[in-house]
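**Q** Please find entry.tsv (TSV, C-alpha atoms (C1' of nucleotides) and all ligand atoms) on the next line:
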chain	number	residue	atom	x	y	z
T	1	MET	CA	3.84	-57.29	36.39
T	2	LYS	CA	4.94	-53.81	37.34
T	3	ASN	CA	5.26	-54.67	41.01
T	4	LYS	CA	7.18	-51.50	41.70
T	5	VAL	CA	8.48	-51.23	45.23
T	6	GLU	CA	6.62	-48.31	46.70
T	7	LYS	CA	8.68	-45.99	48.80
T	8	GLU	CA	7.53	-44.98	52.21
T	9	TRP	CA	6.82	-41.44	51.19
T	10	GLU	CA	4.82	-42.22	48.08
T	11	LYS	CA	1.62	-42.82	49.98
T	12	GLU	CA	1.88	-39.36	51.47
T	13	PHE	CA	1.30	-37.90	48.05
T	14	ASP	CA	-1.95	-39.80	47.82
T	15	TYR	CA	-2.97	-38.59	51.23
T	16	PHE	CA	-2.31	-34.97	50.32
T	17	ASN	CA	-3.72	-35.35	46.82
T	18	LYS	CA	-0.47	-34.34	45.21
T	19	ARG	CA	1.18	-35.79	42.16
T	20	ILE	CA	4.51	-37.52	42.19
T	21	THR	CA	6.15	-35.53	39.44
T	22	PRO	CA	9.65	-36.24	38.13
T	23	CYS	CA	10.93	-33.19	39.94
T	24	ARG	CA	9.41	-34.20	43.25
T	25	ARG	CA	10.65	-37.75	42.96
T	26	ALA	CA	14.12	-36.55	42.09
T	27	ILE	CA	14.18	-34.22	45.08
T	28	MET	CA	13.18	-37.03	47.40
T	29	GLU	CA	15.84	-39.28	45.91
T	30	ILE	CA	18.47	-36.60	46.35
T	31	PHE	CA	17.64	-36.32	50.03
T	32	GLU	CA	17.71	-40.11	50.34
T	33	GLU	CA	21.17	-40.25	48.86
T	34	GLU	CA	22.79	-37.14	50.24
T	35	GLU	CA	22.55	-37.48	53.97
T	36	ARG	CA	22.99	-33.84	54.79
T	37	HIS	CA	21.35	-30.48	55.13
T	38	LEU	CA	20.70	-28.94	51.74
T	39	SER	CA	19.70	-25.43	50.78
T	40	ALA	CA	17.34	-24.76	47.90
T	41	GLU	CA	20.25	-23.69	45.74
T	42	GLU	CA	22.14	-26.89	46.53
T	43	VAL	CA	19.13	-29.03	45.68
T	44	TYR	CA	18.81	-27.11	42.44
T	45	MET	CA	22.45	-27.81	41.55
T	46	LEU	CA	22.16	-31.49	42.40
T	47	LEU	CA	19.07	-31.75	40.22
T	48	ARG	CA	20.91	-30.26	37.27
T	49	GLU	CA	23.83	-32.60	37.82
T	50	ARG	CA	21.35	-35.44	37.49
T	51	GLY	CA	20.19	-34.05	34.19
T	52	GLU	CA	16.82	-33.00	35.53
T	53	LYS	CA	15.93	-29.72	33.95
T	54	VAL	CA	13.89	-27.77	36.48
T	55	GLY	CA	13.43	-24.14	37.35
T	56	ILE	CA	14.60	-22.79	40.66
T	57	ALA	CA	11.08	-21.60	41.48
T	58	THR	CA	9.82	-25.15	41.27
T	59	VAL	CA	12.54	-26.26	43.64
T	60	TYR	CA	11.45	-23.69	46.20
T	61	ARG	CA	7.82	-24.63	45.71
T	62	ASN	CA	8.46	-28.31	46.17
T	63	LEU	CA	10.76	-27.95	49.15
T	64	ASP	CA	7.95	-26.00	50.71
T	65	LEU	CA	5.38	-28.61	49.80
T	66	LEU	CA	7.49	-31.53	50.99
T	67	SER	CA	8.05	-29.77	54.29
T	68	GLN	CA	4.35	-29.19	54.74
T	69	MET	CA	3.78	-32.85	53.97
T	70	GLY	CA	6.24	-33.72	56.69
T	71	LEU	CA	8.63	-35.52	54.36
T	72	LEU	CA	11.33	-32.92	54.89
T	73	HIS	CA	12.39	-30.91	57.89
T	74	ARG	CA	13.14	-27.25	57.49
T	75	VAL	CA	16.02	-26.07	59.67
T	76	ASN	CA	17.58	-22.67	60.18
T	77	PHE	CA	21.18	-22.32	61.23
T	78	GLY	CA	21.25	-18.55	61.16
T	79	ASP	CA	23.23	-18.17	57.95
T	80	GLY	CA	20.47	-16.40	56.09
T	81	ARG	CA	19.06	-19.31	54.17
T	82	GLU	CA	16.81	-22.24	54.93
T	83	HIS	CA	18.09	-25.79	54.88
T	84	TYR	CA	16.22	-29.03	54.52
T	85	GLU	CA	16.84	-32.59	55.56
T	86	MET	CA	14.92	-35.80	55.11
T	87	THR	CA	12.53	-36.88	57.82
T	88	ARG	CA	13.68	-40.40	58.48
T	89	VAL	CA	11.23	-42.72	60.13
T	90	SER	CA	12.85	-46.12	59.71
T	91	PRO	CA	15.19	-46.20	61.34
T	92	PRO	CA	14.05	-43.22	63.37
T	93	GLN	CA	16.69	-40.56	63.29
T	94	HIS	CA	15.39	-37.97	65.69
T	95	HIS	CA	18.22	-35.54	66.28
T	96	HIS	CA	19.18	-31.95	66.96
T	97	HIS	CA	22.01	-29.62	66.05
T	98	LEU	CA	25.24	-28.09	67.26
T	99	VAL	CA	26.00	-24.91	65.35
T	100	CYS	CA	29.43	-23.28	65.35
T	101	THR	CA	28.86	-19.54	65.49
T	102	ARG	CA	32.24	-18.85	63.97
T	103	CYS	CA	32.47	-21.07	60.88
T	104	GLY	CA	28.86	-22.20	60.57
T	105	LYS	CA	29.64	-25.89	60.84
T	106	VAL	CA	26.65	-27.98	61.87
T	107	ILE	CA	26.83	-31.26	63.75
T	108	ASP	CA	23.89	-33.63	64.09
T	109	TYR	CA	23.60	-35.28	67.46
T	110	SER	CA	21.21	-37.78	68.92
T	111	GLU	CA	22.70	-38.26	72.37
T	112	LEU	CA	20.33	-38.68	75.30
T	113	VAL	CA	17.24	-38.93	73.15
T	114	ARG	CA	15.65	-41.08	75.82
T	115	GLU	CA	16.15	-38.44	78.46
T	116	GLU	CA	15.18	-35.72	76.04
T	117	HIS	CA	11.95	-37.50	75.28
T	118	GLU	CA	11.21	-37.86	78.96
T	119	PHE	CA	11.88	-34.23	79.71
T	120	LEU	CA	10.09	-32.89	76.68
T	121	ASP	CA	7.07	-35.04	77.32
T	122	ARG	CA	6.61	-33.49	80.72
T	123	LEU	CA	7.28	-30.05	79.35
T	124	GLU	CA	4.89	-30.47	76.48
T	125	ARG	CA	2.11	-31.57	78.79
T	126	GLU	CA	2.77	-28.57	81.00
T	127	LEU	CA	2.84	-26.11	78.13
T	128	SER	CA	-0.10	-27.59	76.27
T	129	SER	CA	-2.38	-27.16	79.24
T	130	LYS	CA	-1.05	-23.85	80.47
T	131	TYR	CA	-1.04	-22.07	77.14
T	132	ASP	CA	-3.68	-24.16	75.37
T	133	PHE	CA	-1.16	-24.76	72.66
T	134	LEU	CA	-1.03	-27.87	70.49
T	135	ILE	CA	2.61	-28.82	70.20
T	136	GLN	CA	3.50	-30.63	67.00
T	137	SER	CA	7.28	-30.53	66.89
T	138	HIS	CA	10.30	-29.05	68.52
T	139	GLN	CA	13.87	-28.14	67.72
T	140	ILE	CA	16.87	-27.72	69.96
T	141	TYR	CA	19.92	-25.76	68.88
T	142	PHE	CA	23.23	-25.54	70.69
T	143	TYR	CA	25.49	-22.68	69.71
T	144	GLY	CA	29.19	-22.48	70.37
T	145	LEU	CA	32.61	-23.08	68.90
T	146	CYS	CA	33.74	-26.18	67.09
T	147	GLU	CA	37.11	-27.75	67.70
T	148	SER	CA	38.98	-26.22	64.79
T	149	CYS	CA	37.55	-22.77	65.44
T	150	ARG	CA	38.74	-22.95	69.01
T	151	SER	CA	42.29	-23.91	68.05
T	152	ASN	CA	42.49	-21.25	65.35
T	153	PHE	CA	41.42	-18.73	67.94
T	154	GLU	CA	43.87	-15.86	67.89
T	155	SER	CA	42.76	-12.25	68.15
U	156	MET	CA	28.76	15.32	91.59
U	157	LYS	CA	27.61	13.46	88.47
U	158	ASN	CA	26.99	10.22	90.31
U	159	LYS	CA	25.10	8.75	87.38
U	160	VAL	CA	23.61	5.35	88.05
U	161	GLU	CA	25.43	3.04	85.75
U	162	LYS	CA	23.33	0.46	84.00
U	163	GLU	CA	24.29	-3.16	84.02
U	164	TRP	CA	25.12	-3.21	80.38
U	165	GLU	CA	27.29	-0.08	80.32
U	166	LYS	CA	30.38	-1.90	81.52
U	167	GLU	CA	30.09	-4.30	78.61
U	168	PHE	CA	30.87	-1.45	76.27
U	169	ASP	CA	34.10	-0.86	78.13
U	170	TYR	CA	34.96	-4.50	77.96
U	171	PHE	CA	34.39	-4.62	74.20
U	172	ASN	CA	35.99	-1.23	73.63
U	173	LYS	CA	32.85	0.15	72.09
U	174	ARG	CA	31.35	3.57	72.61
U	175	ILE	CA	28.00	4.20	74.17
U	176	THR	CA	26.53	6.35	71.44
U	177	PRO	CA	23.10	7.98	71.64
U	178	CYS	CA	21.78	5.44	69.18
U	179	ARG	CA	23.11	2.48	71.12
U	180	ARG	CA	21.84	3.83	74.42
U	181	ALA	CA	18.42	4.48	72.91
U	182	ILE	CA	18.24	0.96	71.50
U	183	MET	CA	19.07	-0.53	74.88
U	184	GLU	CA	16.45	1.65	76.53
U	185	ILE	CA	13.86	0.59	74.02
U	186	PHE	CA	14.50	-3.05	74.80
U	187	GLU	CA	14.34	-2.30	78.49
U	188	GLU	CA	10.96	-0.68	78.11
U	189	GLU	CA	9.33	-2.84	75.46
U	190	GLU	CA	9.37	-6.31	76.84
U	191	ARG	CA	8.95	-8.11	73.57
U	192	HIS	CA	10.65	-9.44	70.49
U	193	LEU	CA	11.48	-6.64	68.09
U	194	SER	CA	12.60	-6.75	64.48
U	195	ALA	CA	15.12	-4.27	63.11
U	196	GLU	CA	12.34	-2.38	61.40
U	197	GLU	CA	10.35	-2.16	64.62
U	198	VAL	CA	13.36	-0.87	66.54
U	199	TYR	CA	13.88	1.69	63.79
U	200	MET	CA	10.29	2.90	64.11
U	201	LEU	CA	10.46	3.12	67.88
U	202	LEU	CA	13.65	5.13	67.62
U	203	ARG	CA	12.01	7.63	65.31
U	204	GLU	CA	9.01	7.90	67.62
U	205	ARG	CA	11.46	8.89	70.32
U	206	GLY	CA	12.81	11.62	68.11
U	207	GLU	CA	16.13	9.88	67.57
U	208	LYS	CA	17.17	10.43	64.01
U	209	VAL	CA	19.08	7.36	62.93
U	210	GLY	CA	19.57	5.50	59.71
U	211	ILE	CA	18.24	2.00	59.30
U	212	ALA	CA	21.72	0.72	58.49
U	213	THR	CA	22.95	1.87	61.88
U	214	VAL	CA	20.09	0.03	63.52
U	215	TYR	CA	21.08	-3.21	61.80
U	216	ARG	CA	24.72	-2.64	62.67
U	217	ASN	CA	24.00	-2.01	66.32
U	218	LEU	CA	21.54	-4.86	66.73
U	219	ASP	CA	24.31	-7.03	65.41
U	220	LEU	CA	26.88	-5.55	67.73
U	221	LEU	CA	24.67	-5.77	70.79
U	222	SER	CA	23.96	-9.41	70.01
U	223	GLN	CA	27.65	-10.17	69.71
U	224	MET	CA	28.19	-8.43	73.01
U	225	GLY	CA	25.58	-10.67	74.53
U	226	LEU	CA	23.28	-7.83	75.54
U	227	LEU	CA	20.61	-8.94	73.09
U	228	HIS	CA	19.44	-12.34	71.98
U	229	ARG	CA	18.79	-12.96	68.34
U	230	VAL	CA	15.84	-15.26	67.73
U	231	ASN	CA	14.36	-16.63	64.55
U	232	PHE	CA	10.72	-17.62	64.38
U	233	GLY	CA	10.73	-18.59	60.75
U	234	ASP	CA	8.90	-15.54	59.42
U	235	GLY	CA	11.77	-14.35	57.27
U	236	ARG	CA	13.22	-11.76	59.58
U	237	GLU	CA	15.35	-11.75	62.69
U	238	HIS	CA	14.01	-10.67	66.03
U	239	TYR	CA	15.83	-9.48	69.10
U	240	GLU	CA	15.09	-9.44	72.79
U	241	MET	CA	16.95	-8.19	75.81
U	242	THR	CA	19.18	-10.60	77.69
U	243	ARG	CA	17.94	-10.17	81.21
U	244	VAL	CA	20.25	-11.21	83.99
U	245	SER	CA	18.59	-9.74	87.06
U	246	PRO	CA	16.15	-11.13	87.53
U	247	PRO	CA	17.24	-14.00	85.28
U	248	GLN	CA	14.66	-14.55	82.62
U	249	HIS	CA	15.89	-17.65	80.86
U	250	HIS	CA	13.10	-18.81	78.60
U	251	HIS	CA	12.22	-20.45	75.32
U	252	HIS	CA	9.51	-20.16	72.72
U	253	LEU	CA	6.28	-21.63	71.47
U	254	VAL	CA	5.68	-20.68	67.85
U	255	CYS	CA	2.30	-21.01	66.15
U	256	THR	CA	2.97	-22.24	62.64
U	257	ARG	CA	-0.33	-20.85	61.42
U	258	CYS	CA	-0.47	-17.25	62.67
U	259	GLY	CA	3.11	-16.75	63.79
U	260	LYS	CA	2.21	-15.94	67.37
U	261	VAL	CA	5.10	-16.45	69.78
U	262	ILE	CA	4.75	-17.30	73.45
U	263	ASP	CA	7.61	-17.06	75.92
U	264	TYR	CA	7.69	-19.82	78.47
U	265	SER	CA	9.95	-20.59	81.37
U	266	GLU	CA	8.30	-23.69	82.75
U	267	LEU	CA	10.50	-26.47	84.10
U	268	VAL	CA	13.68	-24.42	83.86
U	269	ARG	CA	15.08	-26.42	86.74
U	270	GLU	CA	14.54	-29.69	84.93
U	271	GLU	CA	15.71	-28.18	81.69
U	272	HIS	CA	18.90	-27.05	83.32
U	273	GLU	CA	19.48	-30.50	84.74
U	274	PHE	CA	18.91	-32.23	81.44
U	275	LEU	CA	20.87	-29.75	79.38
U	276	ASP	CA	23.80	-29.84	81.74
U	277	ARG	CA	24.14	-33.55	81.22
U	278	LEU	CA	23.65	-33.20	77.51
U	279	GLU	CA	26.15	-30.39	77.22
U	280	ARG	CA	28.78	-32.37	79.04
U	281	GLU	CA	28.13	-35.33	76.76
U	282	LEU	CA	28.26	-33.28	73.59
U	283	SER	CA	31.22	-31.15	74.60
U	284	SER	CA	33.39	-34.18	75.14
U	285	LYS	CA	32.12	-36.28	72.26
U	286	TYR	CA	32.29	-33.60	69.59
U	287	ASP	CA	34.93	-31.40	71.21
U	288	PHE	CA	32.51	-28.54	70.92
U	289	LEU	CA	32.38	-25.59	73.29
U	290	ILE	CA	28.71	-24.93	73.95
U	291	GLN	CA	27.89	-21.32	74.75
U	292	SER	CA	24.13	-21.14	74.46
U	293	HIS	CA	21.08	-23.04	73.37
U	294	GLN	CA	17.59	-22.43	72.11
U	295	ILE	CA	14.50	-24.60	72.23
U	296	TYR	CA	11.58	-24.02	69.91
U	297	PHE	CA	8.19	-25.71	70.07
U	298	TYR	CA	6.07	-25.51	66.96
U	299	GLY	CA	2.36	-26.08	66.81
U	300	LEU	CA	-1.02	-24.38	66.84
U	301	CYS	CA	-2.15	-21.72	69.27
U	302	GLU	CA	-5.59	-21.74	70.81
U	303	SER	CA	-7.31	-19.32	68.45
U	304	CYS	CA	-5.81	-20.98	65.39
U	305	ARG	CA	-7.15	-24.31	66.54
U	306	SER	CA	-10.67	-23.01	67.04
U	307	ASN	CA	-10.71	-21.17	63.72
U	308	PHE	CA	-9.70	-24.42	62.08
U	309	GLU	CA	-12.04	-25.08	59.19
U	310	SER	CA	-10.83	-26.31	55.84
J	311	DA	C1'	44.54	21.77	68.57
J	312	DT	C1'	45.93	17.79	65.62
J	313	DG	C1'	45.63	13.63	63.83
J	314	DA	C1'	43.90	8.85	64.36
J	315	DT	C1'	39.94	6.03	65.02
J	316	DA	C1'	35.13	4.85	65.51
J	317	DT	C1'	30.51	5.64	64.24
J	318	DT	C1'	26.99	7.13	61.36
J	319	DG	C1'	23.56	8.13	57.34
J	320	DA	C1'	22.25	7.83	52.66
J	321	DT	C1'	21.85	4.83	49.33
J	322	DA	C1'	23.21	1.22	46.19
J	323	DA	C1'	23.81	-3.57	45.95
J	324	DT	C1'	23.07	-8.28	47.23
J	325	DC	C1'	20.65	-12.31	47.84
J	326	DG	C1'	17.18	-15.57	49.27
J	327	DT	C1'	12.57	-16.14	48.37
J	328	DT	C1'	7.87	-15.23	46.36
J	329	DA	C1'	4.56	-13.72	42.84
J	330	DT	C1'	2.98	-13.78	38.14
J	331	DC	C1'	1.30	-15.94	34.29
J	332	DA	C1'	1.28	-18.44	30.22
J	333	DA	C1'	2.65	-23.13	28.68
J	334	DA	C1'	2.90	-27.98	29.54
J	335	DA	C1'	1.57	-32.11	31.89
J	336	DT	C1'	-1.85	-34.84	33.88
J	337	DA	C1'	-6.38	-36.19	35.34
J	338	DT	C1'	-11.37	-36.43	34.51
J	339	DT	C1'	-15.39	-36.63	31.89
J	340	DG	C1'	-18.41	-37.89	28.17
W	341	DC	C1'	-10.54	-41.21	22.15
W	342	DA	C1'	-11.66	-36.29	22.43
W	343	DA	C1'	-12.76	-32.43	25.09
W	344	DT	C1'	-12.27	-30.15	29.21
W	345	DA	C1'	-10.69	-29.17	33.92
W	346	DT	C1'	-6.97	-29.17	37.14
W	347	DT	C1'	-2.27	-29.28	38.58
W	348	DT	C1'	2.37	-28.35	37.89
W	349	DT	C1'	6.02	-26.06	35.82
W	350	DG	C1'	9.61	-22.51	33.97
W	351	DA	C1'	11.06	-17.93	33.00
W	352	DT	C1'	11.39	-13.91	34.97
W	353	DA	C1'	9.92	-9.91	37.52
W	354	DA	C1'	9.21	-8.34	42.06
W	355	DC	C1'	9.93	-8.21	46.85
W	356	DG	C1'	11.96	-7.61	51.30
W	357	DA	C1'	15.49	-8.15	54.61
W	358	DT	C1'	20.11	-7.42	55.16
W	359	DT	C1'	24.81	-5.84	53.85
W	360	DA	C1'	28.32	-3.02	51.47
W	361	DT	C1'	30.12	1.42	50.26
W	362	DC	C1'	31.92	5.66	51.34
W	363	DA	C1'	32.08	10.25	52.59
W	364	DA	C1'	30.73	13.06	56.66
W	365	DT	C1'	30.70	13.44	61.54
W	366	DA	C1'	31.77	12.46	66.28
W	367	DT	C1'	34.97	10.97	69.64
W	368	DC	C1'	39.46	9.73	71.40
W	369	DA	C1'	44.56	10.03	72.31
W	370	DT	C1'	48.62	12.89	72.15
O	1	MN	MN	20.22	-32.51	60.97
O	2	MN	MN	11.46	-14.53	74.10
O	3	ZN	ZN	33.70	-23.69	63.68
O	4	ZN	ZN	-1.88	-19.18	65.92
For the file at hand, write its structure as structure tokens.

**A**
Amino acid sequence: MKNKVEKEWEKEFDYFNKRITPCRRAIMEIFEEEERHLSAEEVYMLLRERGEKVGIATVYRNLDLLSQMGLLHRVNFGDGREHYEMTRVSPPQHHHHLVCTRCGKVIDYSELVREEHEFLDRLERELSSKYDFLIQSHQIYFYGLCESCRSNFES
Amino acid sequence: MKNKVEKEWEKEFDYFNKRITPCRRAIMEIFEEEERHLSAEEVYMLLRERGEKVGIATVYRNLDLLSQMGLLHRVNFGDGREHYEMTRVSPPQHHHHLVCTRCGKVIDYSELVREEHEFLDRLERELSSKYDFLIQSHQIYFYGLCESCRSNFES
DNA sequence: ATGATATTGATAATCGTTATCAAAATATTG
DNA sequence: CAATATTTTGATAACGATTATCAATATCAT
């Protein structure tokens, strides 16, 4: 009886007619374990640490695929490379980002999600009708200076 | 009497101890005329059309400088290159962006700025104190499908 | 003018990402 | 199972945006 516990995301592969390859599974597991934003290069390194032998091109390909499937979120913090993070549905982990423009530090926040939802709902309705635009997702970025960058501020 | 009308942004160069070179002036004028998002390459082309002979490296350098000075906004629509737009203060033109994930089209919107301001003020206060983070700016992106991409949707 | 400093242009280098294409893995068919 | 079709992969070349280098030029302060 191979009653394997199916992970949430496994059914998505069926839906998209994609195979759950060792590489893809490993990438998903990495994002489940590491709870942070990872670049393609970082994912590649973590895969090798696990003993998975994969090419960097495949990592890029699969990060792309997983993003299109909605299993990962692609985020851009302005440092010249893309980062990815897991799309968590249970528990929901809707959040946005504070980005320090000096040191690049990124902080996740999920304050006022209720109010955000309220505001964005209204806004989305407004924009959808006015611009005939189907809104599927949104991202909010705050830019500024983190605590340590402010204290080390001499110039 | 050379009572030249000083532009709003000219004093910023004083403040930052930077010189108003022909290249920098031309770039600012381009952004004043073209009311759109321009990539470095596009700015470079427009400069050459004007007869300004400048190197592409100088364009990159100055777009960077002008952004740091706050005269330009740097925006990223996920197409692999940075774009810039003028920071307009009078009249204030605070706005955000709708990005079509299929064709890349970008729409400026400034709906519900009042409500946005209200909400973001609260949020900023919350975040500033909780994370000891000095917030200086923010950007909101909506991703989805534009009208024409939705109608041409067959697959 | 003289010397110090800032800016520029040409071009090489860097670096993240994508394209290519043959080999390997996996699914489908008979 | 065997034969065939399809998907996925790895190695590596190519690409494209951006940055670094460095000598030449322009501008500033004395
Ligand atoms: Mn995050
Ligand atoms: Mn805009
Ligand atoms: Zn910082
Ligand atoms: Zn579109």

**Q** Restricting the calculation to only C-alpha atoms and all ligand atoms, which member of U:Gln291, U:Asn231, U:Ser284, U:Ser303 is positioned closest to ligand MN 2 (chain O)?

**A**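 Between U:Gln291, U:Asn231, U:Ser284, U:Ser303, the residue approaching ligand MN 2 (chain O) most closely is U:Asn231.
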
**Q** For chain U fitted to chain T over all Cα atoms in order, what RMSD does a least-squares superposition give?

**A**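 After least-squares fitting, the two copies differ by 0.1 Å C-alpha RMSD.
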
**Q** At a cut-off of 12 Å and counting only C-alpha atoms (C1' of nucleotides) and all ligand atoms, what residues surround ligand ZN 3 (chain O)? Please answer as a PyMOL selection string.

**A** (chain T and resi 98-107+143-153) or (chain U and resi 286-290)

**Q** Please determine, counting only C-alpha atoms (C1' of nucleotides), which residue among U:Arg236, U:His192, U:Lys166, U:Arg205 has the shortest atom-to-atom distance to chain J.

**A** U:Arg236

**Q** Give one line per residue of chain U that approaches ligand MN 2 (chain O) to at most 7 Å, naming the two atoms of the closest pair and their distance in Å to one decimal, counting all atoms listed in the file; sort by chain then ascending residue number and deliver it as a Markdown table.

**A**
| residue | atom | partner | partner_atom | distance |
| --- | --- | --- | --- | --- |
| U:Arg191 | CA | O:MN2 | MN | 6.9 |
| U:His192 | CA | O:MN2 | MN | 6.3 |
| U:Glu240 | CA | O:MN2 | MN | 6.4 |
| U:His250 | CA | O:MN2 | MN | 6.4 |
| U:His251 | CA | O:MN2 | MN | 6.1 |
| U:His252 | CA | O:MN2 | MN | 6.1 |
| U:Asp263 | CA | O:MN2 | MN | 5.0 |

**Q** Around the point (17.7, -34.5, 81.6) in the file's coordinates, collect all residues with an atom within 6 Å, using only C-alpha atoms (C1' of nucleotides), and return them as a VMD selection string.

**A** (chain T and resid 115) or (chain U and resid 273 to 274)

**Q** What are the residues of chain U lining chain W at 12 Å or less? Count all atoms listed in the file, and put the answer as a PyMOL selection string.

**A** chain U and resi 172-177+194-196+211-216+218-219+234-238

**Q** Kindly indicate which residue among U:Lys208, U:His249, U:His228, U:Lys162 lies nearest to chain J, using all atoms listed in the file for the distances.

**A**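 Of U:Lys208, U:His249, U:His228, U:Lys162, the one nearest chain J is U:Lys208, counting all atoms listed in the file.
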
**Q** How about completing range 100-114 of chain T with N, CA and C atoms and giving it to me as a PDB file, in the coordinates of the input?

**A**
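For reference, part13.pdb as written:
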ATOM      1  N   CYS T 100      28.263 -24.113  65.023  1.00  0.00           N
ATOM      2  CA  CYS T 100      29.430 -23.280  65.350  1.00  0.00           C
ATOM      3  C   CYS T 100      29.153 -21.857  64.879  1.00  0.00           C
ATOM      4  N   THR T 101      29.202 -20.932  65.823  1.00  0.00           N
ATOM      5  CA  THR T 101      28.860 -19.540  65.490  1.00  0.00           C
ATOM      6  C   THR T 101      29.986 -18.837  64.755  1.00  0.00           C
ATOM      7  N   ARG T 102      31.132 -19.497  64.654  1.00  0.00           N
ATOM      8  CA  ARG T 102      32.240 -18.850  63.970  1.00  0.00           C
ATOM      9  C   ARG T 102      32.323 -19.284  62.506  1.00  0.00           C
ATOM     10  N   CYS T 103      32.299 -20.593  62.263  1.00  0.00           N
ATOM     11  CA  CYS T 103      32.470 -21.070  60.880  1.00  0.00           C
ATOM     12  C   CYS T 103      31.173 -21.615  60.276  1.00  0.00           C
ATOM     13  N   GLY T 104      30.136 -21.747  61.106  1.00  0.00           N
ATOM     14  CA  GLY T 104      28.860 -22.200  60.570  1.00  0.00           C
ATOM     15  C   GLY T 104      28.698 -23.706  60.482  1.00  0.00           C
ATOM     16  N   LYS T 105      29.725 -24.435  60.866  1.00  0.00           N
ATOM     17  CA  LYS T 105      29.640 -25.890  60.840  1.00  0.00           C
ATOM     18  C   LYS T 105      28.471 -26.405  61.668  1.00  0.00           C
ATOM     19  N   VAL T 106      27.803 -27.417  61.172  1.00  0.00           N
ATOM     20  CA  VAL T 106      26.650 -27.980  61.870  1.00  0.00           C
ATOM     21  C   VAL T 106      26.882 -29.458  62.135  1.00  0.00           C
ATOM     22  N   ILE T 107      26.681 -29.867  63.377  1.00  0.00           N
ATOM     23  CA  ILE T 107      26.830 -31.260  63.750  1.00  0.00           C
ATOM     24  C   ILE T 107      25.485 -31.807  64.199  1.00  0.00           C
ATOM     25  N   ASP T 108      25.089 -32.934  63.617  1.00  0.00           N
ATOM     26  CA  ASP T 108      23.890 -33.630  64.090  1.00  0.00           C
ATOM     27  C   ASP T 108      24.250 -34.398  65.360  1.00  0.00           C
ATOM     28  N   TYR T 109      23.368 -34.409  66.312  1.00  0.00           N
ATOM     29  CA  TYR T 109      23.600 -35.280  67.460  1.00  0.00           C
ATOM     30  C   TYR T 109      22.290 -35.947  67.853  1.00  0.00           C
ATOM     31  N   SER T 110      22.415 -37.109  68.432  1.00  0.00           N
ATOM     32  CA  SER T 110      21.210 -37.780  68.920  1.00  0.00           C
ATOM     33  C   SER T 110      21.504 -38.425  70.269  1.00  0.00           C
ATOM     34  N   GLU T 111      22.395 -37.762  71.030  1.00  0.00           N
ATOM     35  CA  GLU T 111      22.700 -38.260  72.370  1.00  0.00           C
ATOM     36  C   GLU T 111      21.521 -37.986  73.302  1.00  0.00           C
ATOM     37  N   LEU T 112      21.329 -38.877  74.251  1.00  0.00           N
ATOM     38  CA  LEU T 112      20.330 -38.680  75.300  1.00  0.00           C
ATOM     39  C   LEU T 112      18.911 -38.463  74.779  1.00  0.00           C
ATOM     40  N   VAL T 113      18.600 -39.107  73.680  1.00  0.00           N
ATOM     41  CA  VAL T 113      17.240 -38.930  73.150  1.00  0.00           C
ATOM     42  C   VAL T 113      16.199 -39.468  74.125  1.00  0.00           C
ATOM     43  N   ARG T 114      16.570 -40.528  74.823  1.00  0.00           N
ATOM     44  CA  ARG T 114      15.650 -41.080  75.820  1.00  0.00           C
ATOM     45  C   ARG T 114      15.322 -40.028  76.882  1.00  0.00           C
TER      46      ARG T 114
END
